[in-house]
Structure formats: C-alpha cells, structure tokens
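The next block is final37.pdb, given as PDB, C-alpha atoms, pLDDT in the B column.
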ATOM      1  CA  MET A 399     103.019 137.614  84.655  1.00 87.00           C
ATOM      2  CA  ASP A 400      99.880 137.647  86.744  1.00 91.00           C
ATOM      3  CA  GLY A 401      96.245 137.048  85.919  1.00 91.00           C
ATOM      4  CA  PRO A 402      93.203 138.524  87.593  1.00 92.00           C
ATOM      5  CA  VAL A 403      92.101 137.549  91.089  1.00 95.00           C
ATOM      6  CA  ILE A 404      88.777 135.785  91.422  1.00 96.00           C
ATOM      7  CA  GLU A 405      86.904 134.471  94.438  1.00 97.00           C
ATOM      8  CA  ILE A 406      85.971 130.801  94.390  1.00 97.00           C
ATOM      9  CA  THR A 407      82.340 130.604  95.453  1.00 95.00           C
ATOM     10  CA  GLN A 408      79.844 127.802  95.926  1.00 93.00           C
ATOM     11  CA  GLU A 409      77.867 129.381  93.113  1.00 94.00           C
ATOM     12  CA  ARG A 410      80.774 128.924  90.704  1.00 95.00           C
ATOM     13  CA  ALA A 411      81.253 125.354  91.949  1.00 94.00           C
ATOM     14  CA  ARG A 412      77.565 124.605  91.425  1.00 94.00           C
ATOM     15  CA  ARG A 413      77.663 125.943  87.872  1.00 96.00           C
ATOM     16  CA  TYR A 414      80.863 124.037  87.177  1.00 95.00           C
ATOM     17  CA  ALA A 415      79.287 120.799  88.480  1.00 94.00           C
ATOM     18  CA  GLU A 416      76.249 121.357  86.284  1.00 95.00           C
ATOM     19  CA  ILE A 417      78.190 121.988  83.103  1.00 95.00           C
ATOM     20  CA  THR A 418      80.567 119.039  83.599  1.00 91.00           C
ATOM     21  CA  GLY A 419      78.257 116.582  85.356  1.00 89.00           C
ATOM     22  CA  ASP A 420      80.869 116.214  88.111  1.00 89.00           C
ATOM     23  CA  PHE A 421      78.791 116.181  91.289  1.00 91.00           C
ATOM     24  CA  ASN A 422      81.435 114.481  93.438  1.00 91.00           C
ATOM     25  CA  PRO A 423      80.070 115.166  96.959  1.00 92.00           C
ATOM     26  CA  ILE A 424      83.468 116.316  98.137  1.00 93.00           C
ATOM     27  CA  HIS A 425      82.763 119.443  96.053  1.00 93.00           C
ATOM     28  CA  VAL A 426      79.050 119.966  96.577  1.00 92.00           C
ATOM     29  CA  ASP A 427      77.911 118.185  99.776  1.00 93.00           C
ATOM     30  CA  GLU A 428      79.089 119.881 102.962  1.00 94.00           C
ATOM     31  CA  ALA A 429      77.943 117.045 105.256  1.00 95.00           C
ATOM     32  CA  PHE A 430      79.819 114.441 103.214  1.00 94.00           C
ATOM     33  CA  ALA A 431      82.916 116.596 102.844  1.00 95.00           C
ATOM     34  CA  ARG A 432      83.043 117.414 106.549  1.00 96.00           C
ATOM     35  CA  ALA A 433      83.607 113.722 107.287  1.00 94.00           C
ATOM     36  CA  THR A 434      86.603 113.525 104.930  1.00 93.00           C
ATOM     37  CA  PRO A 435      90.194 114.520 105.752  1.00 92.00           C
ATOM     38  CA  PHE A 436      89.480 117.878 104.053  1.00 93.00           C
ATOM     39  CA  GLY A 437      86.942 118.759 106.761  1.00 95.00           C
ATOM     40  CA  GLY A 438      84.624 120.545 104.350  1.00 95.00           C
ATOM     41  CA  VAL A 439      83.874 121.055 100.703  1.00 96.00           C
ATOM     42  CA  ILE A 440      86.732 121.807  98.357  1.00 96.00           C
ATOM     43  CA  ALA A 441      86.372 123.328  94.916  1.00 96.00           C
ATOM     44  CA  HIS A 442      86.886 121.310  91.758  1.00 95.00           C
ATOM     45  CA  GLY A 443      90.553 121.714  90.885  1.00 94.00           C
ATOM     46  CA  MET A 444      89.721 122.543  87.284  1.00 94.00           C
ATOM     47  CA  LEU A 445      87.552 125.428  88.442  1.00 95.00           C
ATOM     48  CA  SER A 446      90.713 127.274  89.461  1.00 96.00           C
ATOM     49  CA  LEU A 447      92.800 125.797  86.658  1.00 95.00           C
ATOM     50  CA  ASN A 448      90.830 127.831  84.142  1.00 95.00           C
ATOM     51  CA  LEU A 449      92.703 130.887  85.375  1.00 95.00           C
ATOM     52  CA  ALA A 450      95.931 129.271  84.201  1.00 95.00           C
ATOM     53  CA  TRP A 451      94.425 128.669  80.769  1.00 94.00           C
ATOM     54  CA  GLU A 452      93.379 132.301  80.571  1.00 92.00           C
ATOM     55  CA  LEU A 453      96.887 133.442  81.407  1.00 92.00           C
ATOM     56  CA  VAL A 454      98.586 130.901  79.165  1.00 90.00           C
ATOM     57  CA  ARG A 455      96.617 131.878  76.114  1.00 87.00           C
ATOM     58  CA  THR A 456      98.024 135.394  76.375  1.00 84.00           C
ATOM     59  CA  LEU A 457     101.647 134.291  76.723  1.00 80.00           C
ATOM     60  CA  PRO A 458     104.061 134.684  73.837  1.00 75.00           C
ATOM     61  CA  GLY A 459     105.439 131.501  72.383  1.00 68.00           C
ATOM     62  CA  GLY A 460     104.139 131.083  68.874  1.00 64.00           C
ATOM     63  CA  ASP A 461     101.351 129.213  67.186  1.00 72.00           C
ATOM     64  CA  GLY A 462     100.616 125.533  67.461  1.00 79.00           C
ATOM     65  CA  ASP A 463      99.909 123.367  70.450  1.00 89.00           C
ATOM     66  CA  LEU A 464      98.848 124.792  73.777  1.00 92.00           C
ATOM     67  CA  GLU A 465      99.886 122.527  76.618  1.00 94.00           C
ATOM     68  CA  LEU A 466      99.349 122.578  80.367  1.00 96.00           C
ATOM     69  CA  ASP A 467     100.635 120.022  82.891  1.00 97.00           C
ATOM     70  CA  VAL A 468      99.780 120.576  86.560  1.00 98.00           C
ATOM     71  CA  ARG A 469      99.467 119.010  89.973  1.00 98.00           C
ATOM     72  CA  PHE A 470      96.700 119.967  92.374  1.00 97.00           C
ATOM     73  CA  ARG A 471      98.749 120.563  95.503  1.00 97.00           C
ATOM     74  CA  LYS A 472      96.407 122.099  98.035  1.00 97.00           C
ATOM     75  CA  PRO A 473      92.640 122.302  98.324  1.00 96.00           C
ATOM     76  CA  VAL A 474      90.824 125.463  97.293  1.00 97.00           C
ATOM     77  CA  ARG A 475      87.815 126.239  99.467  1.00 97.00           C
ATOM     78  CA  PRO A 476      84.798 128.471  98.994  1.00 96.00           C
ATOM     79  CA  GLY A 477      85.810 132.010  99.837  1.00 97.00           C
ATOM     80  CA  ASP A 478      89.403 131.575  98.713  1.00 98.00           C
ATOM     81  CA  ARG A 479      90.729 134.200  96.314  1.00 98.00           C
ATOM     82  CA  VAL A 480      93.012 132.831  93.627  1.00 98.00           C
ATOM     83  CA  ARG A 481      94.942 134.040  90.631  1.00 97.00           C
ATOM     84  CA  ALA A 482      97.250 132.541  88.019  1.00 97.00           C
ATOM     85  CA  ARG A 483     100.909 133.473  87.824  1.00 97.00           C
ATOM     86  CA  ALA A 484     103.602 132.522  85.321  1.00 96.00           C
ATOM     87  CA  ARG A 485     107.283 133.005  84.775  1.00 95.00           C
ATOM     88  CA  ARG A 486     109.484 132.085  81.854  1.00 93.00           C
ATOM     89  CA  GLU A 487     111.619 128.947  82.039  1.00 92.00           C
ATOM     90  CA  ASP A 488     113.515 126.892  79.504  1.00 89.00           C
ATOM     91  CA  GLY A 489     111.144 125.603  76.870  1.00 85.00           C
ATOM     92  CA  GLY A 490     108.030 127.218  78.242  1.00 90.00           C
ATOM     93  CA  TRP A 491     106.506 128.692  81.350  1.00 93.00           C
ATOM     94  CA  GLU A 492     106.241 127.754  84.976  1.00 96.00           C
ATOM     95  CA  VAL A 493     102.629 128.369  85.958  1.00 97.00           C
ATOM     96  CA  TRP A 494     100.816 128.214  89.236  1.00 98.00           C
ATOM     97  CA  ILE A 495      97.601 129.192  90.925  1.00 98.00           C
ATOM     98  CA  GLU A 496      98.153 131.130  94.107  1.00 98.00           C
ATOM     99  CA  ASN A 497      95.657 131.639  96.919  1.00 98.00           C
ATOM    100  CA  GLN A 498      95.218 134.672  99.159  1.00 98.00           C
ATOM    101  CA  ALA A 499      97.923 133.330 101.505  1.00 98.00           C
ATOM    102  CA  GLY A 500     100.464 133.218  98.684  1.00 97.00           C
ATOM    103  CA  GLU A 501     100.396 129.413  98.568  1.00 98.00           C
ATOM    104  CA  ALA A 502     100.671 127.602  95.250  1.00 98.00           C
ATOM    105  CA  VAL A 503      97.541 125.460  95.237  1.00 98.00           C
ATOM    106  CA  ILE A 504      98.083 124.263  91.666  1.00 98.00           C
ATOM    107  CA  ALA A 505     101.491 124.193  90.026  1.00 98.00           C
ATOM    108  CA  GLY A 506     103.010 122.994  86.795  1.00 98.00           C
ATOM    109  CA  ARG A 507     104.191 123.965  83.355  1.00 97.00           C
ATOM    110  CA  ALA A 508     102.774 125.415  80.180  1.00 95.00           C
ATOM    111  CA  ARG A 509     104.049 125.476  76.652  1.00 92.00           C
ATOM    112  CA  ARG A 510     102.932 127.111  73.458  1.00 85.00           C
ATOM    113  CA  GLY A 511     104.414 126.299  70.146  1.00 76.00           C
ATOM    114  CA  PRO A 512     104.654 123.922  67.241  1.00 71.00           C
ATOM    115  CA  ALA A 513     103.633 120.319  67.774  1.00 64.00           C
ATOM    116  CA  ARG A 514     106.476 118.120  68.982  1.00 60.00           C
TER     117      ARG A 514
ATOM    118  CA  MET B 203      76.485 101.278  98.723  1.00 47.00           C
ATOM    119  CA  SER B 204      75.687  99.487  95.480  1.00 50.00           C
ATOM    120  CA  ASP B 205      77.984  96.802  94.140  1.00 65.00           C
ATOM    121  CA  ASP B 206      77.869  98.669  90.834  1.00 89.00           C
ATOM    122  CA  VAL B 207      80.388 101.204  92.104  1.00 94.00           C
ATOM    123  CA  MET B 208      83.494 101.321  89.935  1.00 95.00           C
ATOM    124  CA  THR B 209      85.991 100.419  92.596  1.00 96.00           C
ATOM    125  CA  PHE B 210      89.751 100.521  92.098  1.00 97.00           C
ATOM    126  CA  ASP B 211      89.898  96.737  91.709  1.00 96.00           C
ATOM    127  CA  ARG B 212      87.445  96.830  88.797  1.00 96.00           C
ATOM    128  CA  LEU B 213      89.443  99.321  86.732  1.00 97.00           C
ATOM    129  CA  VAL B 214      91.606  97.564  84.167  1.00 97.00           C
ATOM    130  CA  PRO B 215      94.438  99.520  82.519  1.00 98.00           C
ATOM    131  CA  GLY B 216      94.074  99.562  78.755  1.00 98.00           C
ATOM    132  CA  THR B 217      90.286  99.413  78.863  1.00 98.00           C
ATOM    133  CA  GLU B 218      88.390 101.886  76.712  1.00 98.00           C
ATOM    134  CA  MET B 219      85.555 103.112  78.913  1.00 97.00           C
ATOM    135  CA  GLY B 220      83.517 104.913  76.288  1.00 97.00           C
ATOM    136  CA  ARG B 221      83.260 107.490  73.549  1.00 98.00           C
ATOM    137  CA  VAL B 222      81.224 110.594  74.268  1.00 97.00           C
ATOM    138  CA  SER B 223      80.090 113.320  71.866  1.00 98.00           C
ATOM    139  CA  PHE B 224      80.251 116.978  72.773  1.00 98.00           C
ATOM    140  CA  ASP B 225      78.724 119.872  70.842  1.00 98.00           C
ATOM    141  CA  VAL B 226      80.547 123.171  71.238  1.00 98.00           C
ATOM    142  CA  THR B 227      77.415 125.295  71.131  1.00 98.00           C
ATOM    143  CA  PRO B 228      76.971 128.990  71.877  1.00 97.00           C
ATOM    144  CA  GLU B 229      74.891 127.864  74.857  1.00 97.00           C
ATOM    145  CA  VAL B 230      77.843 125.910  76.275  1.00 97.00           C
ATOM    146  CA  ILE B 231      80.076 128.950  75.861  1.00 96.00           C
ATOM    147  CA  ALA B 232      77.470 131.128  77.583  1.00 96.00           C
ATOM    148  CA  ARG B 233      77.210 128.704  80.513  1.00 96.00           C
ATOM    149  CA  TRP B 234      81.006 128.627  80.786  1.00 96.00           C
ATOM    150  CA  GLN B 235      81.160 132.403  80.712  1.00 95.00           C
ATOM    151  CA  ALA B 236      78.534 132.544  83.463  1.00 96.00           C
ATOM    152  CA  ILE B 237      80.997 130.773  85.767  1.00 96.00           C
ATOM    153  CA  TYR B 238      83.640 133.420  85.091  1.00 96.00           C
ATOM    154  CA  PRO B 239      81.770 136.603  84.197  1.00 94.00           C
ATOM    155  CA  GLU B 240      84.892 138.683  84.814  1.00 92.00           C
ATOM    156  CA  LEU B 241      86.972 136.831  82.203  1.00 92.00           C
ATOM    157  CA  PRO B 242      86.814 137.546  78.470  1.00 89.00           C
ATOM    158  CA  VAL B 243      85.913 134.884  75.929  1.00 87.00           C
ATOM    159  CA  PRO B 244      87.562 134.712  72.491  1.00 91.00           C
ATOM    160  CA  GLU B 245      85.776 136.721  69.818  1.00 91.00           C
ATOM    161  CA  ASP B 246      87.164 134.775  66.871  1.00 93.00           C
ATOM    162  CA  GLY B 247      84.730 131.866  66.948  1.00 95.00           C
ATOM    163  CA  THR B 248      86.990 129.624  68.998  1.00 95.00           C
ATOM    164  CA  ALA B 249      86.166 128.225  72.409  1.00 96.00           C
ATOM    165  CA  PRO B 250      88.125 129.369  75.479  1.00 95.00           C
ATOM    166  CA  PRO B 251      90.915 126.867  76.225  1.00 94.00           C
ATOM    167  CA  GLY B 252      89.559 126.299  79.727  1.00 95.00           C
ATOM    168  CA  LEU B 253      86.680 124.475  78.081  1.00 96.00           C
ATOM    169  CA  ALA B 254      89.085 121.540  77.988  1.00 97.00           C
ATOM    170  CA  ALA B 255      87.842 120.804  81.499  1.00 95.00           C
ATOM    171  CA  VAL B 256      84.227 120.614  80.363  1.00 96.00           C
ATOM    172  CA  ILE B 257      84.992 118.481  77.312  1.00 97.00           C
ATOM    173  CA  ALA B 258      87.191 116.026  79.199  1.00 97.00           C
ATOM    174  CA  ILE B 259      85.251 115.817  82.455  1.00 95.00           C
ATOM    175  CA  THR B 260      81.899 115.529  80.706  1.00 95.00           C
ATOM    176  CA  ALA B 261      83.276 112.553  78.792  1.00 96.00           C
ATOM    177  CA  TYR B 262      84.907 111.069  81.890  1.00 96.00           C
ATOM    178  CA  ALA B 263      81.749 111.479  83.994  1.00 92.00           C
ATOM    179  CA  ALA B 264      79.651 109.774  81.311  1.00 94.00           C
ATOM    180  CA  ALA B 265      82.132 107.004  80.527  1.00 95.00           C
ATOM    181  CA  VAL B 266      82.888 106.193  84.184  1.00 94.00           C
ATOM    182  CA  PRO B 267      79.477 106.813  85.739  1.00 91.00           C
ATOM    183  CA  ARG B 268      79.576 104.988  89.071  1.00 92.00           C
ATOM    184  CA  ARG B 269      82.657 106.473  90.644  1.00 94.00           C
ATOM    185  CA  PRO B 270      83.066 106.149  94.402  1.00 94.00           C
ATOM    186  CA  PRO B 271      82.261 109.401  96.174  1.00 90.00           C
ATOM    187  CA  GLY B 272      85.265 111.272  97.507  1.00 88.00           C
ATOM    188  CA  ASN B 273      87.717 110.780  94.653  1.00 92.00           C
ATOM    189  CA  VAL B 274      90.275 113.593  94.446  1.00 92.00           C
ATOM    190  CA  HIS B 275      91.809 115.039  91.303  1.00 93.00           C
ATOM    191  CA  GLY B 276      95.579 114.901  91.738  1.00 95.00           C
ATOM    192  CA  GLY B 277      97.031 115.984  88.422  1.00 97.00           C
ATOM    193  CA  GLN B 278      96.095 116.963  84.913  1.00 97.00           C
ATOM    194  CA  TRP B 279      97.803 117.292  81.573  1.00 98.00           C
ATOM    195  CA  PHE B 280      96.145 118.773  78.502  1.00 97.00           C
ATOM    196  CA  ARG B 281      97.366 119.529  75.030  1.00 96.00           C
ATOM    197  CA  TRP B 282      95.258 121.467  72.568  1.00 96.00           C
ATOM    198  CA  ARG B 283      96.258 120.487  69.048  1.00 95.00           C
ATOM    199  CA  ARG B 284      94.109 123.343  67.803  1.00 94.00           C
ATOM    200  CA  PRO B 285      91.377 125.469  69.389  1.00 94.00           C
ATOM    201  CA  ALA B 286      87.871 124.028  69.450  1.00 97.00           C
ATOM    202  CA  ARG B 287      85.458 125.982  67.286  1.00 97.00           C
ATOM    203  CA  VAL B 288      82.008 127.062  68.315  1.00 97.00           C
ATOM    204  CA  GLY B 289      79.503 125.026  66.323  1.00 97.00           C
ATOM    205  CA  GLU B 290      81.557 121.885  65.883  1.00 98.00           C
ATOM    206  CA  ARG B 291      80.902 118.413  67.224  1.00 98.00           C
ATOM    207  CA  LEU B 292      83.710 116.643  69.047  1.00 98.00           C
ATOM    208  CA  ALA B 293      83.983 113.104  70.354  1.00 98.00           C
ATOM    209  CA  THR B 294      86.124 112.049  73.298  1.00 98.00           C
ATOM    210  CA  THR B 295      87.404 108.555  73.961  1.00 98.00           C
ATOM    211  CA  VAL B 296      88.154 107.760  77.621  1.00 98.00           C
ATOM    212  CA  ARG B 297      90.638 105.045  78.509  1.00 98.00           C
ATOM    213  CA  VAL B 298      92.090 103.696  81.738  1.00 98.00           C
ATOM    214  CA  ALA B 299      95.794 104.288  81.223  1.00 98.00           C
ATOM    215  CA  ALA B 300      97.278 103.027  84.478  1.00 98.00           C
ATOM    216  CA  LYS B 301      96.650 102.394  88.146  1.00 98.00           C
ATOM    217  CA  GLU B 302      98.916 101.913  91.112  1.00 97.00           C
ATOM    218  CA  THR B 303      98.892 101.899  94.876  1.00 97.00           C
ATOM    219  CA  LYS B 304     101.315 103.927  96.957  1.00 96.00           C
ATOM    220  CA  GLY B 305     100.957 102.943 100.569  1.00 94.00           C
ATOM    221  CA  GLU B 306      97.263 103.271 101.378  1.00 92.00           C
ATOM    222  CA  ARG B 307      96.564 105.452  98.370  1.00 95.00           C
ATOM    223  CA  ARG B 308      95.045 104.220  95.120  1.00 97.00           C
ATOM    224  CA  TRP B 309      95.923 106.241  92.025  1.00 98.00           C
ATOM    225  CA  VAL B 310      94.240 105.903  88.647  1.00 98.00           C
ATOM    226  CA  THR B 311      95.311 107.590  85.414  1.00 98.00           C
ATOM    227  CA  PHE B 312      92.763 108.165  82.661  1.00 98.00           C
ATOM    228  CA  GLU B 313      93.554 109.331  79.156  1.00 98.00           C
ATOM    229  CA  THR B 314      91.141 111.288  77.019  1.00 98.00           C
ATOM    230  CA  LEU B 315      91.474 111.845  73.299  1.00 98.00           C
ATOM    231  CA  THR B 316      89.113 114.315  71.702  1.00 98.00           C
ATOM    232  CA  ALA B 317      88.750 114.367  67.932  1.00 98.00           C
ATOM    233  CA  ASP B 318      86.743 116.391  65.445  1.00 98.00           C
ATOM    234  CA  ALA B 319      84.155 115.102  62.988  1.00 97.00           C
ATOM    235  CA  GLY B 320      86.936 114.100  60.611  1.00 97.00           C
ATOM    236  CA  GLY B 321      88.694 112.063  63.285  1.00 97.00           C
ATOM    237  CA  ARG B 322      91.541 114.537  63.635  1.00 97.00           C
ATOM    238  CA  PRO B 323      92.840 115.048  67.188  1.00 97.00           C
ATOM    239  CA  VAL B 324      91.850 118.319  68.833  1.00 98.00           C
ATOM    240  CA  LEU B 325      92.549 117.818  72.539  1.00 98.00           C
ATOM    241  CA  GLU B 326      94.541 115.247  74.473  1.00 98.00           C
ATOM    242  CA  GLY B 327      94.289 114.804  78.213  1.00 98.00           C
ATOM    243  CA  ARG B 328      95.652 112.757  81.052  1.00 98.00           C
ATOM    244  CA  MET B 329      94.024 112.868  84.473  1.00 98.00           C
ATOM    245  CA  VAL B 330      95.411 111.385  87.673  1.00 97.00           C
ATOM    246  CA  SER B 331      92.876 110.702  90.416  1.00 96.00           C
ATOM    247  CA  LEU B 332      93.133 109.489  93.969  1.00 96.00           C
ATOM    248  CA  TRP B 333      90.491 106.753  94.014  1.00 97.00           C
ATOM    249  CA  ALA B 334      88.387 106.644  97.170  1.00 93.00           C
ATOM    250  CA  ARG B 335      87.905 102.879  97.334  1.00 92.00           C
TER     251      ARG B 335
END
Will you turn the file into structure tokens for me?
Amino acid sequence: MDGPVIEITQERARRYAEITGDFNPIHVDEAFARATPFGGVIAHGMLSLNLAWELVRTLPGGDGDLELDVRFRKPVRPGDRVRARARREDGGWEVWIENQAGEAVIAGRARRGPAR
Amino acid sequence: MSDDVMTFDRLVPGTEMGRVSFDVTPEVIARWQAIYPELPVPEDGTAPPGLAAVIAITAYAAAVPRRPPGNVHGGQWFRWRRPARVGERLATTVRVAAKETKGERRWVTFETLTADAGGRPVLEGRMVSLWAR
C-alpha cells in the first residue's frame, strides 16, 4: 500500500519546529548545518514519519493499540519528495518512507490490534 | 557555550526529567493540519495519530531544555493505547532510559509516557538520539 507523495519544504519544517519547540539548528539553521557532516539542513525525522502514521491508520488489523517502531536511516532534505509505503508481514506491517530516488529514508514496523 | 548544556555525561539513566502538560485543542489540530494541508484529519473528535510527535517532542523539549545543538534523531517507537481526543488534557513524563557509546558515537534513549487526566496511559514512546557532545 502506498500513501500520498508530499514535498518536504522549509516552510513545513518551520511550522513543525514551532509546534513542537524543536529548533535544533541542524533543522533550521543553514549555516550551522552546513558545518556538520550532513552539509546542510535536514528535516526533522518526525516530519516525514507522519506520513507513516497516516498510512498505518488506514490499514486493516483490528481495534486496539496502534504501534510504530522505526529507524531514521537517511536524511530528508528540503525539496525531497517522500511517501509512505507498507506491506503485510507476520504480525503486522513493514512500513517505510521512500524518497524520490526510491531510497528508504525511514524504515520499521507497524502493528494494529489488541493490547499485548 | 554555556556550562548549562545537558551533555552526554550529565544524563543519568533512570532519571525522570520532567512532567509536561499538553492540551489537545482545536488550535493545535489546526496548526498540525497547516503543516500537511493535503492530508485529512479525523472527523470523529480524535486527534491524528501523527500528533504523537508533537505531544512527545513538546514534552521532551521542555523537560530537556539545554540540549547540545546538532543532536540527531536515530529511532522512534510509539504505541497509542487509544486515540487522543480533541479537548482533553494530557501529561507526559520524560525519563532517561539508557545511554551508551559505540565508538565515537553517543546514544541516548528517552522514554515518554503520556497519560490522561485520570492517569490512564494514552501514548508510550521511546526515542533514540545521537547526542552531539
């Protein structure tokens, strides 16, 4: 299953920083970020992760807990276009966020169902 | 840089860093929706599950205020025990769960537990961060 594609913009990152209070300069300060190994600002990982939530909430699997466990594997930069994808696996779903190059930038597992 | 920075050495596993209230208001939902205008929001009075990020990170940012710049989010686990409801007040406790070094890298794990006004768990979280210094 695939979710919609969205573009990660500095405007989204700014709004995300404002609503969470997470103004880590690696996300919002180009001069600071340029001096890091990333070479420029990277988006908050959770900014893209929301796409996984949106996909997961539509997946079949029953009522009860909604669980997501991911690793942030590659940076997402302003201008990147990302979408969530999922495929069924034993006990839940494999989920990942894919960029425009087809790379999994976030990857992990999701589960819906009764509390364990 | 100020000595007040919460460096890796100052983080002690098991320490509760703070408890932070969060009101799930229509305004919060509107601000969240403004980040993702192309995505629908639930129409049943519940908050979108992605709001987990706002609830947990707001609490984390308030409870651990002097983080070194340049930390990187490495992993995240969340479990919604039930959806948050618009209009309710939640409270999140932030705790240092673990820390370790792997080579030159310093990793810190924080746990968040969000409960409703009756103290019942709503959202659990575990965040792994690469600590800058």
Inset, instruction - Would you work out the distance separating CA of Pro458 in chain A from CA of Leu292 in chain B, expressed in Å to one decimal? - result: 27.6 Å
On this structure, which residues satisfy the PyMOL selection byres ((chain B and resi 280) around 6), written as a PDB file with C-alpha atoms, in the frame of the given file?
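The result, written out as selection.pdb:
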ATOM      1  CA  GLU A 465      99.886 122.527  76.618  1.00 94.00           C
ATOM      2  CA  LEU A 466      99.349 122.578  80.367  1.00 96.00           C
TER       3      LEU A 466
ATOM      4  CA  TRP B 279      97.803 117.292  81.573  1.00 98.00           C
ATOM      5  CA  ARG B 281      97.366 119.529  75.030  1.00 96.00           C
ATOM      6  CA  GLU B 326      94.541 115.247  74.473  1.00 98.00           C
ATOM      7  CA  GLY B 327      94.289 114.804  78.213  1.00 98.00           C
TER       8      GLY B 327
END
Inset, instruction - Excluding range 482-486 of chain A and residues on its chain fewer than 3 positions from it, collect all residues at most 7 Å away from it, counting all atoms listed in the file, and give them as an NGL selection string. - result: :A and (399-401 or 449-450 or 453 or 490-496)
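Coordinates place CA of Thr260 in chain B at a distance of 10.8 Å from CA of Ala293 in chain B.
Taking CA of Glu240 in chain B and CA of Pro402 in chain A as the two end points, the separation is 8.8 Å.
The residue that comes closest to chain B, out of A:Arg510, A:His442, A:Arg469, A:Arg481 and on the basis of only C-alpha atoms, is A:Arg469.
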Legend entry - Residues of chain A within 7 Å of chain B, counting all atoms listed in the file, as a ChimeraX atom specification: /A:410,413-414,417-420,422-424,443-444,448,451,462-470
Inset, instruction - Any chance you could resolve the PyMOL selection byres ((chain B and resi 226) around 8) against this file and give the residues as number ranges by chain? - result: B: 224-225, 227-228, 230-231, 249, 286-292
Inset, instruction - Can you turn the PyMOL selection byres ((chain B and resi 295) around 10) into a concrete residue list for this file, as a ChimeraX atom specification? - result: /B:218-223,258,261-262,265,293-294,296-297,313-317,326
Those same residues, written as an mmCIF file, in the coordinates of the input with C-alpha atoms?
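And here's part.cif as it stands now:
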data_model
loop_
_atom_site.group_PDB
_atom_site.id
_atom_site.type_symbol
_atom_site.label_atom_id
_atom_site.label_comp_id
_atom_site.auth_asym_id
_atom_site.auth_seq_id
_atom_site.Cartn_x
_atom_site.Cartn_y
_atom_site.Cartn_z
ATOM 1 C CA GLU B 218 88.390 101.886 76.712
ATOM 2 C CA MET B 219 85.555 103.112 78.913
ATOM 3 C CA GLY B 220 83.517 104.913 76.288
ATOM 4 C CA ARG B 221 83.260 107.490 73.549
ATOM 5 C CA VAL B 222 81.224 110.594 74.268
ATOM 6 C CA SER B 223 80.090 113.320 71.866
ATOM 7 C CA ALA B 258 87.191 116.026 79.199
ATOM 8 C CA ALA B 261 83.276 112.553 78.792
ATOM 9 C CA TYR B 262 84.907 111.069 81.890
ATOM 10 C CA ALA B 265 82.132 107.004 80.527
ATOM 11 C CA ALA B 293 83.983 113.104 70.354
ATOM 12 C CA THR B 294 86.124 112.049 73.298
ATOM 13 C CA VAL B 296 88.154 107.760 77.621
ATOM 14 C CA ARG B 297 90.638 105.045 78.509
ATOM 15 C CA GLU B 313 93.554 109.331 79.156
ATOM 16 C CA THR B 314 91.141 111.288 77.019
ATOM 17 C CA LEU B 315 91.474 111.845 73.299
ATOM 18 C CA THR B 316 89.113 114.315 71.702
ATOM 19 C CA ALA B 317 88.750 114.367 67.932
ATOM 20 C CA GLU B 326 94.541 115.247 74.473
#
Inset, instruction - Find the residues around Gln498 in chain A up to 12 Å (all atoms listed in the file counted), leave out those fewer than 2 positions away in its own chain, and share them as number ranges by chain. - result: A: 403-406, 474-475, 477-482, 495-496, 500-503
Go ahead and dump the residues you just picked, C-alpha atoms, as a tab-separated table (two decimals), in the coordinates of the input.
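As a result, part_36.tsv now contains:
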chain	number	residue	atom	x	y	z
A	403	VAL	CA	92.10	137.55	91.09
A	404	ILE	CA	88.78	135.78	91.42
A	405	GLU	CA	86.90	134.47	94.44
A	406	ILE	CA	85.97	130.80	94.39
A	474	VAL	CA	90.82	125.46	97.29
A	475	ARG	CA	87.82	126.24	99.47
A	477	GLY	CA	85.81	132.01	99.84
A	478	ASP	CA	89.40	131.57	98.71
A	479	ARG	CA	90.73	134.20	96.31
A	480	VAL	CA	93.01	132.83	93.63
A	481	ARG	CA	94.94	134.04	90.63
A	482	ALA	CA	97.25	132.54	88.02
A	495	ILE	CA	97.60	129.19	90.92
A	496	GLU	CA	98.15	131.13	94.11
A	500	GLY	CA	100.46	133.22	98.68
A	501	GLU	CA	100.40	129.41	98.57
A	502	ALA	CA	100.67	127.60	95.25
A	503	VAL	CA	97.54	125.46	95.24
Inset, instruction - Select, from A:Gly511, A:Ala499, A:Gly506, A:Gln408, the residue with the minimum atom-to-atom distance to Leu447 in chain A, counting only C-alpha atoms. - result: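 Closest candidate: A:Gly506.
Nearest residue to Pro473 in chain A among A:Val426, A:Ile440, A:Ala433, A:Leu445 is A:Ile440, counting only C-alpha atoms.
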Inset, instruction - Extract, using only C-alpha atoms, all DNA, RNA and protein residues at most 12 Å from Val207 in chain B, discarding same-chain residues fewer than 3 positions from it, and format them as a list in words. - result: Met203, Ser204, Phe210, Asp211, Arg212, Leu213, Val266, Pro267, Arg268, Arg269, Pro270, Pro271, Trp333, Ala334 and Arg335 of chain B
Inset, instruction - Considering only C-alpha atoms, state which residue in the set A:Lys472, A:Pro435, A:Arg455, A:Asp461 is at the smallest distance from Pro512 in chain A. - result: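 Checking each of A:Lys472, A:Pro435, A:Arg455, A:Asp461 against Pro512 in chain A, counting only C-alpha atoms, the winner is A:Asp461.
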Inset, instruction - Go through A:Val439, A:Gly489, A:Leu457, A:Arg509 and flag the residue nearest Thr407 in chain A, using only C-alpha atoms for the distances. - result: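 Ranking A:Val439, A:Gly489, A:Leu457, A:Arg509 by distance to Thr407 in chain A, first place goes to A:Val439.
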